[in-house]
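Trainee: Have a look at this one.
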Amino acid sequence: MSDLQIGLIVLGVLLILMVLGFNWWQDRRVRRKMQAHFPSNEHDPLLGAAGSDAGAAHGVPQAHVPRREPGLGTAGTAGGPASGFSPGAPHAANGPAPAATHTHGDGDDGEEADPASEVVIEVSFAEPVRGADLLSVTQSMRAAGRKPMRVFGQTDAQRHRARLRPDEHYVALQIAVLLANRTGPLTAIEWSQAWARAQDLGERFDAAIEGPDQQAVLERAARLDDTCAALDTQVGLTLLLGGAQPAAEVLAVARDLGFVHDGPRLAWMSDTGLARFTLTRADGAAFDAGMGGVERLNLLLDVPCSPPDERAFGRMVEVGRQLAQRLRAELVDDQGKPLADASVTVIDERLQVLFGQLEQAGLRAGSERALRVFA
């Protein structure tokens with residue numbers, strides 16, 4: 001090999017290294033600019049101190065609550081939501097209501113990715129991209145498997161957006177993927193699906209993609225799921241109607257007492273617009289589905305998804321007894337026994353402990369974060 005060939009090879013290698021170095025520098029510059037403009041959250045109990053052990057970072061007291069109350073059984077009997085107090089209840093059920101998008105005075109949207117419950121993939125565009133072009137792709141990015149996804153944008157005018165707008169241009173996106181919910185922690189397959197969608201977005205619009213290592217993501221997801229499972233509690237009661245009653249009549253009585261429609265179920269709402277507890281048919285059908293009769297009803301208090309209340313269980317019992325009186329039904333626990341007033345007081349006291357533990361864990365009952373991870 002001649003000196004000229006060797007020189008050309010060395011020159012080629014140097015040119016490649018220079019191009020790689022320039023691309024790395026440009027990518028770092030764009031990401032620093034994007035990070036400077038995306039909102040950041042305050043200290044959060046679920047995030048813990050920087051650099052600390054992840055398990056200790058949560059600062060979550062384990063729920064030292066018995067799985068069974070005197071006279072009340074654990075959730076999950078075949079008849080529907082059973083009565084009982086079960087801190088380890090399976091992570092299933094009510095989907096969270098979509099969070100409202102607030103706007104700061106500077107024009108930024110207030111809703112942000114939640115670093116305590118979501119993992120973020122960052123997308124940086126080489127040139128600003130029209131929102132209308134992005135919407136055709138991102139509108140289908142609703143979930144990876146059974147984990148919801150949210151897309152946030154940064155405009156070329158440095159505005160944060162929780163909803164992309166067709167008439168704006170965007171220089172960066174954040175794709176937030178939920179780490180855990182009642183279906184379990186984010187899996188490797190779900191994370192791969194989310195990452196593939198981000199890569200597809202990058203290929204379509206010439207963007208750099210950056211996100212955390214998969215193993216770190218899966219470990220975070222498992223820790224969050226463990227925290228939620230230790231605090232997940234649902235308390236239920238059963239109404240035995242003694243015979244099939246017309247669904248329309250049952251629905252009319254429930255509405256008259258104050259229940260409102262919430263999908264196929266009925267909900268007893270708080271002043272803040274959150275469901276305190278819900279009423280469902282034991283057969284799972286909607287109250288307005290057909291003309292079939294109703295023989296059993298289930299009352300359910302989904303503790304992490306309801307607002308804190310000193311009489312959370314007692315309030316549901318009172319309404320349940322009113323329903324029983326109007327429908328000529330019997331209100332019982334999962335063992336088929338009437339409720340004792342002493343048991344009601346004990347359960348309310350234990351729920352107060354649980355509300356406090358949820359607060360300390362950064363999962364305040366009824367909060368937007370709790371509604372996401374306990375869905």
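Labeling convention for the structure tokens: chains A, B, ... as they appear, residues from 1 per chain, ligands from 1 in order of appearance.
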Could you pull out all residues of range 182-333 of chain A with a DSSP call of alpha helix (DSSP H) and give them as JSON, numbers by chain?

Mentor: {"A": [188, 189, 190, 191, 192, 193, 194, 195, 196, 197, 198, 199, 200, 201, 202, 203, 204, 205, 214, 215, 216, 217, 218, 219, 220, 221, 222, 223, 224, 225, 226, 227, 228, 229, 230, 231, 247, 248, 249, 250, 251, 252, 253, 254, 255, 256, 257, 312, 313, 314, 315, 316, 317, 318, 319, 320, 321, 322, 323, 324, 325, 326, 327]}

Trainee: Can you list every residue in range 236-369 of chain A that DSSP puts in strand (DSSP E or B), as a ChimeraX atom specification?

Mentor: /A:236-246,260-262,265-269,275-281,293-302,330-332,338

Trainee: Which is closest to Leu363 in chain A among A:Glu190, A:Ala285, A:Cys228, A:Asp334, if we use only C-alpha atoms?

Mentor: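 Of A:Glu190, A:Ala285, A:Cys228, A:Asp334, the one nearest Leu363 in chain A, counting only C-alpha atoms, is A:Cys228.
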
Trainee: Residues near range 207-210 of chain A, anyone? I mean within 8 Å using only C-alpha atoms, not counting same-chain ones fewer than 4 positions away, as a list in words.

Mentor: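 Once the nearby chain positions are removed, what remains is Asp27, Ile121, Glu122, Val123, Ser124, Phe125, Ala126, Ala198, Gln199, Leu201, Gly202 and Glu203 of chain A.
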
Trainee: Taking only C-alpha atoms into account, name the residue in A:Asp225, A:Asp288, A:Asp283, A:Glu111 that is nearest to Val250 in chain A.

Mentor: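 Distance minimum relative to Val250 in chain A lands on A:Asp288.
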
Trainee: Measure the distance from CA of Ala275 in chain A to CA of Ala324 in chain A in Å and round it to one decimal.

Mentor: 20.3 Å

Trainee: Report the distance between CA of Asp226 in chain A and CA of Asp309 in chain A in Å, rounded to one decimal place.

Mentor: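 Spanning CA of Asp226 in chain A to CA of Asp309 in chain A is a straight-line distance of 24.8 Å.
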
Trainee: Work out how far CA of Ala144 in chain A is from CA of Arg204 in chain A, in Å to one decimal.

Mentor: 19.3 Å

Trainee: Name all residues at most 10 Å from Asp262 in chain A (count only C-alpha atoms; drop same-chain ones fewer than 6 positions away) and give them as a PyMOL selection string.

Mentor: chain A and resi 268-269+275+278-279

Trainee: If you keep N, CA and C atoms, can you produce a file of those selected residues as a PDB file, in the first residue's frame?

Mentor:
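Saved to part.pdb:
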ATOM      1  N   TRP A 268     -71.314   8.352  43.300  1.00  0.00           N
ATOM      2  CA  TRP A 268     -71.702   9.333  44.318  1.00  0.00           C
ATOM      3  C   TRP A 268     -70.565  10.340  44.368  1.00  0.00           C
ATOM      4  N   MET A 269     -70.820  11.560  43.893  1.00  0.00           N
ATOM      5  CA  MET A 269     -69.750  12.521  43.666  1.00  0.00           C
ATOM      6  C   MET A 269     -69.471  13.381  44.889  1.00  0.00           C
ATOM      7  N   ALA A 275     -65.472  10.901  42.228  1.00  0.00           N
ATOM      8  CA  ALA A 275     -66.378   9.890  42.762  1.00  0.00           C
ATOM      9  C   ALA A 275     -65.906   9.451  44.148  1.00  0.00           C
ATOM     10  N   THR A 278     -68.859   4.080  44.117  1.00  0.00           N
ATOM     11  CA  THR A 278     -69.638   3.778  42.915  1.00  0.00           C
ATOM     12  C   THR A 278     -70.633   2.665  43.185  1.00  0.00           C
ATOM     13  N   LEU A 279     -71.649   2.606  42.314  1.00  0.00           N
ATOM     14  CA  LEU A 279     -72.686   1.578  42.380  1.00  0.00           C
ATOM     15  C   LEU A 279     -72.732   0.871  41.034  1.00  0.00           C
TER      16      LEU A 279
END

Trainee: Excluding Gly145 in chain A and residues on its chain fewer than 2 positions from it, collect all residues at most 8 Å away from it, counting only C-alpha atoms, and give them as a list in words.

Mentor: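 Surrounding residues, per the criterion: Ala143, Lys147, Ile189, Glu190 and Gln193 of chain A.
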
Trainee: Mind checking which residues fall within 10 Å of Gly284 in chain A, counting only C-alpha atoms, ignoring those fewer than 5 positions away in the same chain, and posting them as a list in words?

Mentor: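 These residues fall inside the cut-off: Gly80, Pro264, Arg265, Leu297 and Asn298 of chain A.
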